[in-house]
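Asker: This one is target.txt, compact mmCIF, C-alpha atoms.
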```
# COMPACT_ATOMS: atom_id res chain seq x y z
CA MET A 1426 -9.89 12.68 -25.24
CA ALA A 1427 -7.25 14.93 -23.72
CA LEU A 1428 -7.38 15.39 -19.99
CA LEU A 1429 -5.65 17.51 -17.39
CA VAL A 1430 -5.59 17.98 -13.66
CA GLY A 1431 -6.75 21.50 -12.97
CA ALA A 1432 -9.11 23.33 -10.66
CA GLY A 1433 -9.80 20.09 -8.87
CA VAL A 1434 -11.03 18.20 -11.90
CA TYR A 1435 -9.79 16.39 -14.97
CA ALA A 1436 -10.84 18.74 -17.76
CA GLN A 1437 -10.59 18.53 -21.50
CA GLY A 1438 -7.85 20.26 -23.43
CA SER A 1439 -4.39 19.37 -22.12
CA SER A 1440 -1.43 17.26 -23.04
CA ALA A 1441 -1.05 16.23 -19.39
CA GLY A 1442 -2.36 12.82 -20.33
CA LYS A 1443 -3.95 11.12 -23.29
CA VAL A 1444 -6.70 8.51 -23.20
CA ALA A 1445 -7.96 6.74 -26.27
CA ALA A 1446 -11.71 7.08 -26.70
CA PRO A 1447 -13.67 3.84 -26.34
CA THR A 1448 -14.30 1.99 -29.60
CA LEU A 1449 -17.59 0.41 -30.59
CA SER A 1450 -16.21 -2.95 -29.51
CA GLN A 1451 -15.57 -1.61 -26.01
CA ARG A 1452 -19.14 -1.13 -24.88
CA PRO A 1453 -20.59 -0.01 -22.46
CA LEU A 1454 -20.75 3.54 -23.74
CA VAL A 1455 -19.86 5.14 -20.43
CA TRP A 1456 -16.50 4.80 -18.70
CA PRO A 1457 -16.79 5.42 -14.94
CA GLY A 1458 -14.02 7.38 -13.28
CA ILE A 1459 -12.10 4.23 -12.33
CA ASP A 1460 -11.75 3.32 -16.02
CA VAL A 1461 -10.52 6.80 -16.91
CA LEU A 1462 -8.00 6.68 -14.06
CA GLN A 1463 -6.81 3.24 -15.19
CA ALA A 1464 -6.46 4.44 -18.78
CA ARG A 1465 -4.20 7.21 -17.48
CA GLY A 1466 -1.96 4.69 -15.78
CA PHE A 1467 -3.15 5.63 -12.25
CA ASP A 1468 -0.90 8.70 -12.42
CA LEU A 1469 -2.63 10.47 -9.52
CA LEU A 1470 -1.80 7.61 -7.16
CA ARG A 1471 1.83 6.91 -7.91
CA GLY A 1472 4.17 7.29 -4.97
CA LYS A 1473 1.30 7.64 -2.53
CA ARG A 1474 -0.26 5.45 0.13
CA VAL A 1475 -3.84 4.96 -1.01
CA GLY A 1476 -7.02 4.54 1.00
CA LEU A 1477 -10.21 3.49 -0.78
CA LEU A 1478 -13.79 4.22 0.27
CA THR A 1479 -16.04 1.91 -1.71
CA ASN A 1480 -18.53 -0.97 -1.71
CA PRO A 1481 -19.62 -3.71 -4.17
CA ALA A 1482 -21.04 -1.17 -6.63
CA GLY A 1483 -17.55 0.31 -7.01
CA VAL A 1484 -16.66 -1.55 -10.19
CA ASN A 1485 -15.19 -0.69 -13.57
CA ARG A 1486 -17.12 -0.93 -16.82
CA ASN A 1487 -16.31 -4.66 -17.01
CA GLY A 1488 -17.70 -5.34 -13.56
CA GLU A 1489 -14.31 -5.72 -11.85
CA SER A 1490 -14.09 -4.43 -8.30
CA THR A 1491 -12.19 -1.17 -7.84
CA ILE A 1492 -10.52 -2.86 -4.86
CA ASP A 1493 -9.07 -5.50 -7.18
CA VAL A 1494 -8.24 -3.01 -9.92
CA LEU A 1495 -6.16 -0.90 -7.53
CA ARG A 1496 -4.57 -3.90 -5.80
CA GLN A 1497 -3.41 -5.31 -9.11
CA ALA A 1498 -2.24 -2.01 -10.61
CA LYS A 1499 1.51 -1.61 -10.91
CA GLY A 1500 2.81 1.29 -8.89
CA VAL A 1501 -0.35 1.65 -6.78
CA ASN A 1502 0.04 1.10 -3.05
CA LEU A 1503 -3.43 0.36 -1.68
CA VAL A 1504 -3.03 0.23 2.10
CA ALA A 1505 -6.52 0.59 3.64
CA LEU A 1506 -10.21 0.21 2.88
CA TYR A 1507 -13.06 2.30 4.25
CA GLY A 1508 -16.69 1.20 4.31
CA PRO A 1509 -19.89 3.31 4.27
CA GLU A 1510 -23.31 2.22 5.56
CA HIS A 1511 -23.88 -1.44 4.58
CA GLY A 1512 -20.11 -2.08 4.59
CA ILE A 1513 -17.56 -2.68 1.84
CA TYR A 1514 -19.44 -5.80 0.74
CA GLY A 1515 -22.88 -4.15 0.89
CA ASP A 1516 -24.43 -6.90 2.98
CA GLU A 1517 -24.92 -5.12 6.30
CA LYS A 1518 -28.44 -4.06 7.28
CA ALA A 1519 -29.47 -0.41 7.16
CA ASP A 1520 -28.92 1.65 10.29
CA THR A 1521 -26.72 -1.09 11.78
CA PRO A 1522 -23.31 -0.15 13.23
CA ILE A 1523 -20.40 -1.96 11.62
CA PRO A 1524 -17.10 -2.62 13.42
CA ASP A 1525 -13.59 -2.17 12.04
CA ARG A 1526 -12.02 -5.40 10.85
CA VAL A 1527 -9.33 -6.96 8.70
CA ASP A 1528 -10.62 -7.96 5.28
CA ALA A 1529 -10.20 -11.72 4.96
CA ARG A 1530 -10.01 -11.52 1.16
CA THR A 1531 -7.29 -8.87 0.82
CA GLY A 1532 -5.70 -8.74 4.28
CA LEU A 1533 -6.20 -4.98 4.32
CA PRO A 1534 -7.57 -3.10 7.32
CA VAL A 1535 -11.18 -2.01 6.86
CA PHE A 1536 -12.18 1.12 8.76
CA SER A 1537 -15.93 1.40 9.25
CA LEU A 1538 -17.46 4.81 8.64
CA TYR A 1539 -20.78 3.56 9.91
CA GLY A 1540 -19.84 2.29 13.34
CA LYS A 1541 -18.25 3.97 16.34
CA TYR A 1542 -17.26 6.81 14.04
CA ARG A 1543 -18.84 8.23 10.91
CA LYS A 1544 -16.12 10.79 10.31
CA PRO A 1545 -12.67 9.22 9.94
CA THR A 1546 -10.45 9.92 12.92
CA PRO A 1547 -6.85 11.12 12.49
CA GLU A 1548 -5.73 7.62 13.48
CA MET A 1549 -7.83 6.09 10.69
CA LEU A 1550 -6.14 8.39 8.17
CA ARG A 1551 -2.62 8.24 9.55
CA GLY A 1552 -1.39 5.58 7.13
CA ILE A 1553 -2.64 7.15 3.88
CA ASP A 1554 -1.72 10.10 1.69
CA VAL A 1555 -4.80 10.10 -0.51
CA MET A 1556 -8.39 8.92 -0.11
CA VAL A 1557 -9.99 7.56 -3.26
CA VAL A 1558 -13.82 7.56 -3.19
CA ASP A 1559 -15.66 5.21 -5.53
CA LEU A 1560 -19.30 5.05 -4.45
CA GLN A 1561 -22.36 4.66 -6.65
CA ASP A 1562 -24.88 7.28 -5.53
CA ILE A 1563 -28.56 7.35 -6.54
CA GLY A 1564 -29.12 11.09 -6.75
CA THR A 1565 -31.35 11.32 -3.68
CA ARG A 1566 -30.46 13.38 -0.62
CA SER A 1567 -31.18 10.92 2.19
CA TYR A 1568 -29.12 8.09 0.64
CA THR A 1569 -26.21 8.21 3.05
CA TYR A 1570 -23.21 7.69 0.77
CA ILE A 1571 -23.07 11.40 -0.01
CA SER A 1572 -23.13 12.15 3.73
CA CYS A 1573 -20.22 9.75 4.14
CA LEU A 1574 -18.43 11.62 1.34
CA ARG A 1575 -18.89 14.96 3.08
CA LEU A 1576 -17.48 13.72 6.40
CA VAL A 1577 -14.54 12.10 4.61
CA MET A 1578 -13.77 15.37 2.84
CA GLU A 1579 -13.87 17.24 6.16
CA ALA A 1580 -11.58 14.76 7.91
CA CYS A 1581 -9.11 14.49 5.04
CA PHE A 1582 -8.84 18.22 4.52
CA ALA A 1583 -8.23 18.72 8.25
CA GLN A 1584 -5.38 16.17 8.06
CA ASP A 1585 -3.96 17.44 4.74
CA LYS A 1586 -4.93 14.28 2.88
CA GLU A 1587 -5.98 14.48 -0.75
CA VAL A 1588 -9.46 13.33 -1.81
CA ILE A 1589 -10.01 11.87 -5.27
CA VAL A 1590 -13.60 11.13 -6.32
CA LEU A 1591 -14.02 8.63 -9.15
CA ASP A 1592 -17.22 9.84 -10.72
CA ARG A 1593 -20.20 7.68 -11.61
CA PRO A 1594 -23.57 8.27 -13.31
CA ASP A 1595 -26.53 9.69 -11.50
CA PRO A 1596 -28.97 6.88 -12.40
CA LEU A 1597 -31.82 9.40 -12.49
CA GLY A 1598 -29.97 11.50 -15.06
CA GLY A 1599 -28.47 14.92 -14.56
CA LEU A 1600 -31.51 17.02 -15.43
CA LYS A 1601 -34.09 15.95 -12.83
CA VAL A 1602 -34.46 17.83 -9.55
CA GLY A 1603 -37.39 17.83 -7.15
CA GLY A 1604 -38.78 18.05 -3.65
CA PRO A 1605 -38.20 20.43 -0.77
CA MET A 1606 -34.87 22.07 -0.13
CA MET A 1607 -33.11 20.95 3.05
CA GLU A 1608 -33.44 23.43 5.92
CA GLU A 1609 -30.36 23.85 8.07
CA ARG A 1610 -32.23 23.02 11.28
CA TRP A 1611 -32.98 19.50 10.01
CA MET A 1612 -29.57 18.67 8.57
CA SER A 1613 -28.25 15.27 9.67
CA TYR A 1614 -26.65 12.14 8.25
CA VAL A 1615 -29.75 11.64 6.09
CA GLY A 1616 -29.52 15.23 4.84
CA GLU A 1617 -26.06 16.81 4.91
CA TYR A 1618 -26.51 19.24 2.00
CA LYS A 1619 -28.74 22.24 1.28
CA VAL A 1620 -30.15 20.75 -1.90
CA PRO A 1621 -33.54 19.43 -3.09
CA TYR A 1622 -34.43 15.87 -2.21
CA VAL A 1623 -33.57 14.82 -5.79
CA TYR A 1624 -30.63 17.05 -6.66
CA GLY A 1625 -29.59 16.30 -10.24
CA LEU A 1626 -25.82 15.95 -9.82
CA THR A 1627 -23.26 13.19 -9.98
CA ILE A 1628 -21.39 12.44 -6.78
CA GLY A 1629 -18.33 14.19 -8.19
CA GLU A 1630 -20.28 17.32 -9.04
CA LEU A 1631 -21.80 17.36 -5.56
CA ALA A 1632 -18.33 17.05 -4.02
CA ARG A 1633 -17.16 20.06 -6.02
CA MET A 1634 -20.19 22.06 -4.90
CA ALA A 1635 -19.52 21.24 -1.24
CA LYS A 1636 -15.84 22.14 -1.58
CA ASP A 1637 -16.52 25.53 -3.18
CA ASN A 1638 -19.25 26.85 -0.88
CA VAL A 1639 -18.50 28.49 2.46
CA GLY A 1640 -20.17 26.65 5.33
CA TRP A 1641 -20.98 23.47 3.41
CA LEU A 1642 -18.11 21.62 5.08
CA ASP A 1643 -17.67 21.70 8.83
CA VAL A 1644 -14.05 22.86 8.77
CA PRO A 1645 -12.41 26.29 9.13
CA ASP A 1646 -12.53 28.16 5.86
CA ASP A 1647 -8.77 28.18 5.38
CA VAL A 1648 -8.82 24.37 5.72
CA ARG A 1649 -11.59 24.12 3.13
CA GLN A 1650 -9.72 26.34 0.68
CA ARG A 1651 -6.40 24.51 0.91
CA GLY A 1652 -8.00 21.05 0.87
CA VAL A 1653 -7.20 19.08 -2.27
CA LEU A 1654 -10.20 17.61 -4.09
CA LEU A 1655 -9.79 16.02 -7.51
CA VAL A 1656 -12.70 14.59 -9.46
CA VAL A 1657 -12.03 12.08 -12.21
CA PRO A 1658 -14.97 12.53 -14.60
CA MET A 1659 -16.58 9.78 -16.61
CA HIS A 1660 -16.09 9.46 -20.33
CA GLY A 1661 -19.19 9.26 -22.51
CA TRP A 1662 -21.86 10.35 -20.02
CA HIS A 1663 -24.20 13.25 -20.61
CA ARG A 1664 -26.95 14.69 -18.46
CA SER A 1665 -29.92 13.30 -20.34
CA MET A 1666 -28.67 9.74 -19.84
CA LEU A 1667 -30.63 7.53 -17.47
CA TRP A 1668 -28.94 4.40 -16.14
CA PRO A 1669 -30.15 2.06 -18.93
CA ASP A 1670 -28.61 4.43 -21.49
CA THR A 1671 -25.11 3.93 -20.07
CA GLY A 1672 -24.76 0.26 -20.99
CA LEU A 1673 -23.37 -0.39 -17.50
CA LYS A 1674 -24.60 -3.32 -15.45
CA TRP A 1675 -26.36 -2.36 -12.23
CA VAL A 1676 -24.73 -3.68 -9.07
CA PRO A 1677 -26.93 -3.39 -5.95
CA THR A 1678 -25.77 -0.32 -4.05
CA SER A 1679 -27.38 -1.49 -0.79
CA PRO A 1680 -29.78 -4.26 0.31
CA GLY A 1681 -32.79 -2.11 -0.63
CA ILE A 1682 -31.57 -0.79 -3.98
CA ILE A 1683 -31.29 -4.12 -5.72
CA ASN A 1684 -31.98 -2.90 -9.25
CA VAL A 1685 -32.55 0.19 -11.39
CA PRO A 1686 -36.33 0.39 -10.73
CA ALA A 1687 -35.57 0.55 -6.99
CA ALA A 1688 -33.12 3.40 -7.54
CA PHE A 1689 -35.86 5.39 -9.27
CA GLY A 1690 -38.45 4.31 -6.70
CA TYR A 1691 -36.40 5.50 -3.72
CA GLY A 1692 -37.12 9.12 -4.55
CA LEU A 1693 -40.66 8.42 -5.72
CA THR A 1694 -41.97 6.64 -2.61
CA GLY A 1695 -39.29 6.69 0.11
CA LEU A 1696 -40.59 9.74 1.95
CA GLY A 1697 -44.18 8.49 1.60
CA GLY A 1698 -43.37 5.43 3.69
CA GLN A 1699 -41.53 7.34 6.41
CA LEU A 1700 -44.60 7.87 8.64
CA GLY A 1701 -48.11 6.46 8.45
CA LYS A 1702 -49.17 2.99 7.33
CA PHE A 1703 -48.11 2.98 3.69
CA SER A 1704 -45.50 0.41 2.73
CA HIS A 1705 -43.49 0.78 -0.44
CA GLY A 1706 -42.21 -2.73 -1.09
CA PHE A 1707 -39.01 -2.74 0.93
CA GLY A 1708 -38.11 -6.38 1.53
CA THR A 1709 -40.02 -7.56 -1.54
CA PRO A 1710 -38.70 -8.15 -5.08
CA TYR A 1711 -40.06 -4.66 -5.87
CA PRO A 1712 -38.49 -2.30 -3.32
CA PHE A 1713 -39.77 1.27 -3.36
CA ARG A 1714 -42.16 0.42 -6.22
CA LEU A 1715 -44.86 -1.78 -4.66
CA LEU A 1716 -47.43 0.16 -2.63
CA ASN A 1717 -49.69 -1.30 0.04
CA TYR A 1718 -51.99 0.13 2.65
CA PRO A 1719 -53.89 -1.89 5.30
CA GLY A 1720 -57.43 -2.68 4.19
CA LYS A 1721 -56.88 -1.57 0.59
CA THR A 1722 -56.74 -4.13 -2.21
CA PRO A 1723 -54.13 -3.63 -4.91
CA GLU A 1724 -56.93 -2.91 -7.35
CA ALA A 1725 -58.55 -0.26 -5.16
CA LEU A 1726 -55.20 1.29 -4.35
CA ALA A 1727 -54.29 1.47 -8.03
CA VAL A 1728 -57.58 3.18 -8.84
CA THR A 1729 -57.02 5.75 -6.10
CA MET A 1730 -53.46 6.47 -7.18
CA LYS A 1731 -54.43 6.73 -10.85
CA ALA A 1732 -57.05 9.31 -9.88
CA LEU A 1733 -54.28 11.61 -8.68
CA HIS A 1734 -53.27 12.07 -12.34
CA LEU A 1735 -49.59 12.41 -11.50
CA PRO A 1736 -47.67 13.17 -14.71
CA GLY A 1737 -45.48 10.34 -15.97
CA LEU A 1738 -46.80 7.73 -13.53
CA ASP A 1739 -49.26 4.85 -13.70
CA PHE A 1740 -50.28 2.24 -11.13
CA GLN A 1741 -51.02 -1.41 -11.80
CA PRO A 1742 -52.18 -4.21 -9.47
CA LEU A 1743 -49.45 -6.82 -9.06
CA HIS A 1744 -49.83 -10.33 -7.65
CA TYR A 1745 -46.93 -12.72 -7.10
CA LYS A 1746 -45.69 -15.54 -4.87
CA ASP A 1747 -42.80 -14.90 -2.49
CA ALA A 1748 -39.87 -17.24 -1.93
CA ALA A 1749 -41.96 -19.32 0.47
CA GLY A 1750 -44.77 -19.66 -2.08
CA VAL A 1751 -47.06 -17.24 -0.22
CA ASP A 1752 -49.32 -15.03 -2.34
CA ARG A 1753 -48.31 -11.35 -2.18
CA SER A 1754 -49.63 -8.29 -3.95
CA GLY A 1755 -49.64 -4.53 -4.18
CA ALA A 1756 -50.05 -1.61 -6.55
CA TYR A 1757 -46.90 -1.28 -8.66
CA VAL A 1758 -45.65 2.19 -9.54
CA VAL A 1759 -45.05 2.36 -13.30
CA VAL A 1760 -42.95 5.16 -14.77
CA THR A 1761 -44.44 5.93 -18.18
CA ASP A 1762 -42.46 9.12 -18.86
CA TRP A 1763 -39.56 10.03 -16.58
CA ASN A 1764 -39.24 13.44 -18.23
CA ALA A 1765 -42.75 14.31 -17.04
CA VAL A 1766 -42.35 13.01 -13.48
CA ASP A 1767 -41.99 15.34 -10.50
CA PRO A 1768 -39.72 12.86 -8.70
CA THR A 1769 -40.96 13.23 -5.12
CA GLU A 1770 -44.58 14.31 -5.64
CA LEU A 1771 -46.06 10.83 -5.17
CA SER A 1772 -44.64 10.58 -1.65
CA PHE A 1773 -46.47 13.68 -0.48
CA TYR A 1774 -49.79 12.43 -1.84
CA MET A 1775 -49.12 9.16 -0.03
CA MET A 1776 -48.78 11.20 3.19
CA LYS A 1777 -52.06 12.97 2.50
CA LEU A 1778 -53.85 9.68 1.87
CA ALA A 1779 -52.32 8.16 4.99
CA ALA A 1780 -53.77 11.02 7.01
CA ALA A 1781 -57.19 10.47 5.41
CA TRP A 1782 -57.33 6.70 5.75
CA ASP A 1783 -55.92 5.98 9.21
CA PRO A 1784 -58.89 5.02 11.45
CA ALA A 1785 -56.92 6.17 14.49
CA GLY A 1786 -56.63 9.71 13.12
CA ASN A 1787 -53.86 11.74 11.54
CA PRO A 1788 -50.66 9.72 12.15
CA PHE A 1789 -48.47 12.79 11.66
CA ALA A 1790 -50.23 14.76 14.37
CA GLN A 1791 -49.94 11.78 16.72
CA ALA A 1792 -46.34 10.84 15.93
CA LYS A 1793 -43.83 10.29 18.71
CA ALA A 1794 -41.22 13.00 18.98
CA SER A 1795 -38.47 10.67 17.76
CA ASP A 1796 -40.49 9.64 14.69
CA ALA A 1797 -41.36 13.24 13.93
CA ASP A 1798 -37.71 14.22 14.21
CA LEU A 1799 -36.59 11.47 11.84
CA PHE A 1800 -39.34 12.37 9.37
CA ASN A 1801 -38.27 16.00 9.30
CA LYS A 1802 -34.61 15.06 8.91
CA HIS A 1803 -35.59 13.22 5.74
CA VAL A 1804 -38.08 15.74 4.34
CA GLY A 1805 -36.30 18.88 5.52
CA SER A 1806 -39.29 21.27 5.49
CA THR A 1807 -40.77 22.73 8.67
CA ALA A 1808 -43.63 24.28 6.70
CA TRP A 1809 -44.67 20.92 5.32
CA TRP A 1810 -44.59 19.33 8.76
CA GLU A 1811 -46.89 22.04 10.06
CA GLU A 1812 -49.17 21.57 7.05
CA ILE A 1813 -49.53 17.79 7.29
CA THR A 1814 -49.88 17.72 11.08
CA LYS A 1815 -52.51 20.48 11.21
CA LYS A 1816 -54.47 19.81 8.02
CA GLY A 1817 -53.89 16.11 7.42
CA ALA A 1818 -56.08 15.01 4.50
CA ARG A 1819 -56.64 18.67 3.59
CA ALA A 1820 -52.92 19.38 3.14
CA ASP A 1821 -52.24 21.42 0.01
CA VAL A 1822 -49.71 19.25 -1.79
CA ALA A 1823 -50.10 21.11 -5.09
CA GLY A 1824 -49.51 24.45 -3.40
CA PHE A 1825 -46.28 23.25 -1.82
CA PHE A 1826 -45.02 21.82 -5.09
CA HIS A 1827 -45.74 25.12 -6.81
CA ILE A 1828 -43.31 26.70 -4.34
CA TRP A 1829 -40.78 23.85 -4.31
CA ASP A 1830 -40.64 23.55 -8.09
CA ALA A 1831 -39.78 27.25 -8.36
CA GLU A 1832 -37.08 26.92 -5.69
CA ASP A 1833 -35.70 23.81 -7.36
CA ALA A 1834 -35.50 25.55 -10.73
CA LYS A 1835 -33.43 28.35 -9.17
CA TYR A 1836 -31.20 25.79 -7.47
CA GLN A 1837 -30.66 23.92 -10.73
CA GLN A 1838 -29.66 27.08 -12.54
CA TRP A 1839 -27.25 27.96 -9.72
CA SER A 1840 -25.80 24.44 -9.66
CA ARG A 1841 -24.82 24.54 -13.34
CA ARG A 1842 -21.46 26.09 -12.47
CA TRP A 1843 -20.40 22.70 -11.02
CA TRP A 1844 -21.62 20.60 -13.94
CA LEU A 1845 -18.94 18.44 -15.54
CA TYR A 1846 -21.07 17.00 -18.34
CA PRO A 1847 -23.09 18.42 -21.23
CA VAL A 1848 -26.82 18.12 -21.70
```
Once more with this new file: its structure as structure tokens, please.

Answerer:
Amino acid sequence: MALLVGAGVYAQGSSAGKVAAPTLSQRPLVWPGIDVLQARGFDLLRGKRVGLLTNPAGVNRNGESTIDVLRQAKGVNLVALYGPEHGIYGDEKADTPIPDRVDARTGLPVFSLYGKYRKPTPEMLRGIDVMVVDLQDIGTRSYTYISCLRLVMEACFAQDKEVIVLDRPDPLGGLKVGGPMMEERWMSYVGEYKVPYVYGLTIGELARMAKDNVGWLDVPDDVRQRGVLLVVPMHGWHRSMLWPDTGLKWVPTSPGIINVPAAFGYGLTGLGGQLGKFSHGFGTPYPFRLLNYPGKTPEALAVTMKALHLPGLDFQPLHYKDAAGVDRSGAYVVVTDWNAVDPTELSFYMMKLAAAWDPAGNPFAQAKASDADLFNKHVGSTAWWEEITKKGARADVAGFFHIWDAEDAKYQQWSRRWWLYPV
């Protein structure tokens, strides 16, 4: 595998550096970007003061923390850590500000990018020459690590600091897109890119897309153009791979995404639990996969959801005891064929059912302004908000997906120019 640094990406076909391909005894099959960088002898980092944006899911193929890999690497000067939402150890609650601190384990300063500031200040970047980003994304627009990435790119480019993204798999694969496109009026930290809700790119590919498109980064265009972005691609990954195909062990990316089923479920049900009385299993052993609605038994709920005939999905009653020995239950979302799934469709039928079942009336039409605003920042579609608030149980979900699927197909074709991996 011959690699070079060119056009902001390691690409095949150069003598700039040689990496031996993994052997059968070196499973897993996929090498994340940190392994490729290590195999190259960390050449991009030599002679530079290094900052690292990461969390517990930033590990190499053997499960070793990227923090430790860089600290122990000869010739690498790791001087600062930067933490996204949930912090560098992934144990902070969602939507909870995190202060700066000194890391007790390494003695390094940790600058929080989910506290007083979300975009690094010049002072936060003063001591580094290059920012290394090693974050495991889940391929879904409102998951905030990609928003953190965008703000880091903006700040680093403005301060003439290099950004190096160590690429990782999209657990949903690189061929699945779905849901409404993000409208500019609703863009926020839970939607910083004009992409579908499930966008079908690795974090490195998304970074390249943001760098290349005018207006996607909030910096003057000359700053965007001269900014240095390098993506270190994975070895062995291709677009049809889902997470289990990689051979890599899943490390929880946040308190809610504890396993691979949760990563898939986030796109399937996350929007459906945003407003209304549906719950989707957050806080249970089955986050984003276990549906409940007040007054509906798991059996009745499963029957109703099955009757929707959503391709690639099934619903099964599930009963279990929680840690305190209390009986719990719900309707579990089973993925029978991921290739057939429209990855956000279920959420919109959940909204329609919530409007039909709420005895107090359509919860979307009655939502507080702040709740409506947050909902729209996640969904990103004014037309859908008007549809669900005015029509409620009569909302035309199929009609909207006919439009969204066509838009998503055009987006996917357009996005191919930033693909780093084959089908």

Asker: Which of these, A:Gly1603, A:Gly1532, A:Gly1720, A:Pro1524, has the shortest distance to Thr1565 in chain A once you count all atoms listed in the file?

Answerer: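 Distance minimum relative to Thr1565 in chain A lands on A:Gly1603.
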
Asker: Please, what distance in Å, to one decimal, runs between CA of Asn1717 in chain A and CA of Thr1729 in chain A?

Answerer: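 A separation of 11.9 Å between them.
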
Asker: Which value, in Å to one decimal, gives the distance between CA of Val1555 in chain A and CA of Leu1462 in chain A?

Answerer: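 For CA of Val1555 in chain A relative to CA of Leu1462 in chain A, the distance reads 14.3 Å.
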
Asker: Would you mind listing what lies within 12 Å of Trp1839 in chain A as a PyMOL selection string, with only C-alpha atoms counted and same-chain residues fewer than 6 positions away left out?

Answerer: chain A and resi 1620+1624-1625+1634+1638+1832-1833

Asker: Grab the residues selected above and save them as a JSON list (two decimals), in the coordinates of the input with C-alpha atoms.

Answerer:
```
[["chain", "number", "residue", "atom", "x", "y", "z"],
["A", 1620, "VAL", "CA", -30.15, 20.75, -1.90],
["A", 1624, "TYR", "CA", -30.63, 17.05, -6.66],
["A", 1625, "GLY", "CA", -29.59, 16.30, -10.24],
["A", 1634, "MET", "CA", -20.19, 22.06, -4.90],
["A", 1638, "ASN", "CA", -19.25, 26.85, -0.88],
["A", 1832, "GLU", "CA", -37.08, 26.92, -5.69],
["A", 1833, "ASP", "CA", -35.70, 23.81, -7.36]]
```

Asker: Hey, which of A:Val1657, A:Ala1823, A:Val1590, A:Ala1797 ends up closest to Leu1733 in chain A? Count all atoms listed in the file.

Answerer: A:Ala1823

Asker: Nearest to Ile1828 in chain A among A:Gly1604, A:Pro1742, A:Gly1552, A:Pro1669, with distances taken over only C-alpha atoms: which residue is it?

Answerer: A:Gly1604

Asker: One number please: CA of Ile1628 in chain A to CA of Asp1562 in chain A, in Å, one decimal.

Answerer: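 If I compute the distance from CA of Ile1628 in chain A to CA of Asp1562 in chain A, I get 6.4 Å.
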
Asker: Can you list, as a PyMOL selection string, every protein, DNA or RNA residue that comes within 12 Å of Asp1525 in chain A when you count only C-alpha atoms, leaving out same-chain residues fewer than 2 positions away?

Answerer: chain A and resi 1505-1509+1512-1513+1522-1523+1527-1528+1533-1543+1545+1549

Asker: Counting only C-alpha atoms, which residue out of A:Met1578, A:Leu1550, A:Ala1820, A:Val1685 sits closest to Arg1651 in chain A?

Answerer: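 Smallest separation from Arg1651 in chain A among the options: A:Met1578.
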
Asker: List as a PyMOL selection string the protein and nucleic acid residues near Asp1821 in chain A, meaning an atom at most 10 Å away when all atoms listed in the file are counted, but skip any in the same chain fewer than 3 places from it.

Answerer: chain A and resi 1773-1774+1777+1809+1812-1813+1816-1818+1824-1826

Asker: Please put the answer as AutoDock Vina command-line options: centre and edge lengths, in Å with one decimal, of a box along x, y and z that encloses all listed atoms of range 1669-1683 of chain A plus 6 Å on each side.

Answerer:
```
--center_x -28.1 --center_y 0.1 --center_z -10.6 --size_x 21.4 --size_y 20.7 --size_z 33.8
```

Asker: A:Pro1594, A:Gly1697, A:Pro1547, A:Gly1483: which is nearest Trp1662 in chain A, counting all atoms listed in the file?

Answerer: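 The closest residue to Trp1662 in chain A is A:Pro1594.
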
Asker: Between A:Val1653, A:Val1501, A:Arg1633, A:Ile1571, which is the closest to Gln1584 in chain A once you count only C-alpha atoms?

Answerer: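 For Gln1584 in chain A, the nearest of the candidates is A:Val1653.
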
Asker: Do you know which residues are at most 10 Å from Asp1493 in chain A counting all atoms listed in the file, after dropping those on the same chain fewer than 4 positions away, and could you put them as a list of chain:residue names?

Answerer: A:Val1484, A:Glu1489, A:Gln1497, A:Ala1498, A:Leu1503, A:Thr1531

Asker: Save range 1522-1533 of chain A to disk from that block, C-alpha atoms included, as an mmCIF file, in the first residue's frame.

Answerer:
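Output contents, as saved in result00.cif:
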```
data_model
loop_
_atom_site.group_PDB
_atom_site.id
_atom_site.type_symbol
_atom_site.label_atom_id
_atom_site.label_comp_id
_atom_site.auth_asym_id
_atom_site.auth_seq_id
_atom_site.Cartn_x
_atom_site.Cartn_y
_atom_site.Cartn_z
ATOM 1 C CA PRO A 1522 -21.225 22.122 29.747
ATOM 2 C CA ILE A 1523 -17.772 20.801 30.569
ATOM 3 C CA PRO A 1524 -15.001 22.984 32.054
ATOM 4 C CA ASP A 1525 -11.355 23.081 31.018
ATOM 5 C CA ARG A 1526 -9.091 21.059 33.276
ATOM 6 C CA VAL A 1527 -5.743 19.348 33.625
ATOM 7 C CA ASP A 1528 -5.934 15.648 32.829
ATOM 8 C CA ALA A 1529 -4.933 13.754 35.966
ATOM 9 C CA ARG A 1530 -3.768 10.739 33.958
ATOM 10 C CA THR A 1531 -1.452 12.497 31.492
ATOM 11 C CA GLY A 1532 -0.862 15.913 33.072
ATOM 12 C CA LEU A 1533 -1.872 17.545 29.795
#
```
